[in-house]
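**Q** Pasting a structure below so you can have a look.
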Amino acid sequence: MSNLTKNSLIVIIGLYGLGLTNLSNSAVLVKEKRWHNHSTLNVVFLNGEPALHSKVKMLAPLWLEGTSLKFSFFDSLDTAPEDTHIRISFTSHNGSRLGAHGEYKSSFATMNLADVMSQDISERSIQRIILHEFGHALGLEHEYRNINWPYGQHIIEKFTEECIPRMRQIGHDPEVAEQRCHDINQSISKKLALTTAYDERSIMNYPASFALDNGMNKTIEATHTLSILDKHAIKRWYPKSP
Ligand SMILES: [Zn+2]
């Protein structure tokens with residue numbers, strides 16, 4: 001969940017922290033949110049114009065190349081099967097339920113893509129939002145929650161603080177917003193997630209600019225395509241052969 005389109009940052013990208021000996025385990029996939037291998041996920045649009053549906057239908061499957069998963073798209077709940085796994089609304093905010101959430105017979109949105117409706121949004125930003133939120137829908141967490149995040153706790157605290165007003169905006173009380181922002185921003189232990197290396201180029205990273213302990217400024221740029229390691233990781237976690 002984020003206001004991903006509002007950060008347009010210029011940066012020197014470094015491949016900091018890449019565990020080049022263990023490429024296939026980069027990114028952060030929450031174990032208990034992993035879909036069953038070989039699943040077909042029913043994706044339904046709760047609203048939105050056909051042109052927007054087409055964009056999602058074109059972009060989301062980029063995650064599935066070389067994996068065992070399939071998406072089956074439906075333009076409304078009326079035409080969808082009883083079980084729907086990803087339910088998309090182009091309203092409210094940007095965000096997605098994480099992976100296999102368990103509520104498949106409901107009709108509430110599990111993914112919101114509000115910013116793609118903005119008048120002045122670029123095609124690149126639309127692509128980033130859709131790919132990023134589908135990463136969450138496949139069980140991937142934000143890359144800065146990687147236990148191997150190399151830039152220190154203070155920037156995580158900054159992300160947590162920035163999260164609170166957004167959480168308030170979608171209706172949470174102050175204490176709930178604070179707790180929830182704390183929970184969804186701290187690093188995830190290796191017990192809970194499949195992860196080792198930190199991937200600066202992951203679509204699941206947040207754009208940010210901050211000072212390092214040595215006084216240098218560090219910028220993480222918003223990316224608009226799946227990284228090599230994003231593709232590696234998702235193939236590894238949803239392999240074609242069992
Ligand atoms: Zn996100």
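Lettering and numbering for the structure tokens are positional, with chains as A, B, ... in the shown order, residues counted from 1 in each chain, and ligands counted from 1 in the shown order.
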Any residue with an atom at most 8 Å from ligand 1 counts, using only C-alpha atoms and all ligand atoms. Which are they? Put them as a ChimeraX atom specification.

**A** /A:1-2,94-96,132-133,136,141-142,204,206

**Q** Based on the selection just made, write C-alpha atoms of those residues as a PDB file, in the first residue's frame.

**A**
```
ATOM      1  CA  MET A   1       0.000   0.000   0.000  1.00  0.00           C
ATOM      2  CA  SER A   2       1.478   3.298  -0.912  1.00  0.00           C
ATOM      3  CA  ASN A  94      -3.602   1.660  -3.830  1.00  0.00           C
ATOM      4  CA  GLY A  95      -3.133  -1.600  -1.962  1.00  0.00           C
ATOM      5  CA  SER A  96      -3.651  -5.345  -1.959  1.00  0.00           C
ATOM      6  CA  HIS A 132       3.597  -3.811  -7.445  1.00  0.00           C
ATOM      7  CA  GLU A 133       0.108  -4.615  -6.175  1.00  0.00           C
ATOM      8  CA  HIS A 136       1.508  -8.371  -3.001  1.00  0.00           C
ATOM      9  CA  GLU A 141       6.033  -8.126   0.868  1.00  0.00           C
ATOM     10  CA  HIS A 142       7.824  -4.806   0.512  1.00  0.00           C
ATOM     11  CA  MET A 204       8.412  -4.384  -4.391  1.00  0.00           C
ATOM     12  CA  TYR A 206       9.672   1.720  -2.123  1.00  0.00           C
TER      13      TYR A 206
END
```

**Q** Residues at most 9 Å from Glu65 of chain A, counting only C-alpha atoms, excluding those fewer than 5 positions away in the same chain, as number ranges by chain?

**A** A: 231, 234-235

**Q** Return the single residue from A:Leu69, A:Val30, A:Ile156, A:Ile170 that is closest to Asn112 of chain A, with distances computed using only C-alpha atoms.

**A** A:Ile170

**Q** Tell me, as a list in words, which residues lie within 9 Å of Ser189 of chain A, counting only C-alpha atoms; anything in the same chain fewer than 2 positions away does not count.

**A**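 Selected residues are Arg145, Asn146, Ile147, Ser187, Lys191, Leu192, Ala193 and Thr195 of chain A.
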
**Q** Restricting it to N, CA and C atoms, dump the selection as a tab-separated table (two decimals), in the first residue's frame.

**A**
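Output saved as again-v1.tsv:
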```tsv
chain	number	residue	atom	x	y	z
A	145	ARG	N	11.33	-4.76	3.89
A	145	ARG	CA	11.09	-5.62	5.06
A	145	ARG	C	12.02	-6.83	5.05
A	146	ASN	N	12.81	-6.94	3.98
A	146	ASN	CA	13.82	-8.00	3.89
A	146	ASN	C	14.74	-7.92	5.11
A	147	ILE	N	14.96	-9.04	5.75
A	147	ILE	CA	15.81	-9.07	6.95
A	147	ILE	C	17.22	-8.55	6.63
A	187	SER	N	10.83	-5.45	9.71
A	187	SER	CA	11.40	-6.53	8.91
A	187	SER	C	10.78	-7.88	9.31
A	191	LYS	N	11.98	-17.07	9.57
A	191	LYS	CA	11.01	-18.13	9.87
A	191	LYS	C	9.72	-17.91	9.09
A	192	LEU	N	9.37	-16.65	8.89
A	192	LEU	CA	8.07	-16.32	8.29
A	192	LEU	C	8.13	-16.10	6.79
A	193	ALA	N	9.31	-15.79	6.29
A	193	ALA	CA	9.40	-15.43	4.87
A	193	ALA	C	10.52	-16.19	4.18
A	195	THR	N	13.37	-15.68	2.07
A	195	THR	CA	14.17	-14.52	1.67
A	195	THR	C	15.62	-14.68	2.12
```

**Q** Atom CA of Ala51 of chain A and atom CA of Gln119 of chain A are how many Å apart?

**A** 14.4 Å

**Q** Would you mind writing down, as a ChimeraX atom specification, each residue of segment 118-169 of chain A that DSSP on the backbone assigns to alpha helix (DSSP H)?

**A** /A:123-137,153-169

**Q** Please produce an output containing C-alpha atoms for each residue in the selection, written as a compact mmCIF listing (two decimals), in the first residue's frame.

**A**
```txt
# COMPACT_ATOMS: atom_id res chain seq x y z
CA GLU A 123 1.80 4.83 -18.43
CA ARG A 124 5.00 3.92 -16.56
CA SER A 125 3.43 4.76 -13.23
CA ILE A 126 0.31 2.76 -14.07
CA GLN A 127 2.56 -0.18 -14.90
CA ARG A 128 4.42 0.19 -11.60
CA ILE A 129 1.23 0.29 -9.54
CA ILE A 130 -0.30 -2.76 -11.22
CA LEU A 131 2.89 -4.85 -11.05
CA HIS A 132 3.60 -3.81 -7.45
CA GLU A 133 0.11 -4.61 -6.17
CA PHE A 134 0.05 -7.95 -8.02
CA GLY A 135 3.35 -8.74 -6.31
CA HIS A 136 1.51 -8.37 -3.00
CA ALA A 137 -1.36 -10.49 -4.35
CA GLN A 153 16.18 1.16 11.09
CA HIS A 154 15.70 4.92 10.89
CA ILE A 155 14.37 4.78 7.33
CA ILE A 156 11.97 1.99 8.32
CA GLU A 157 10.72 4.30 11.07
CA LYS A 158 10.25 7.01 8.44
CA PHE A 159 8.18 4.62 6.29
CA THR A 160 6.13 3.74 9.38
CA GLU A 161 5.44 7.41 10.15
CA GLU A 162 4.47 8.13 6.56
CA CYS A 163 2.12 5.16 6.62
CA ILE A 164 -0.02 6.47 9.50
CA PRO A 165 -1.85 9.31 7.67
CA ARG A 166 -2.58 6.97 4.76
CA MET A 167 -4.00 4.42 7.17
CA ARG A 168 -6.11 7.14 8.78
CA GLN A 169 -7.33 8.20 5.35
```

**Q** Apply DSSP to the structure's backbone, then extract all residues of segment 42-116 of chain A labelled strand (DSSP E or B) and return them as an MDAnalysis selection string.

**A** chainID A and resid 42:45 70:74 86:89 94:96 111:113

**Q** Of the residues A:His101, A:His232, A:Arg34, A:His172, which is the one nearest to Asp199 of chain A, using only C-alpha atoms?

**A** A:His232

**Q** By how many Å are atom CA of Ser122 of chain A and atom CA of Thr219 of chain A apart?

**A** 21.1 Å
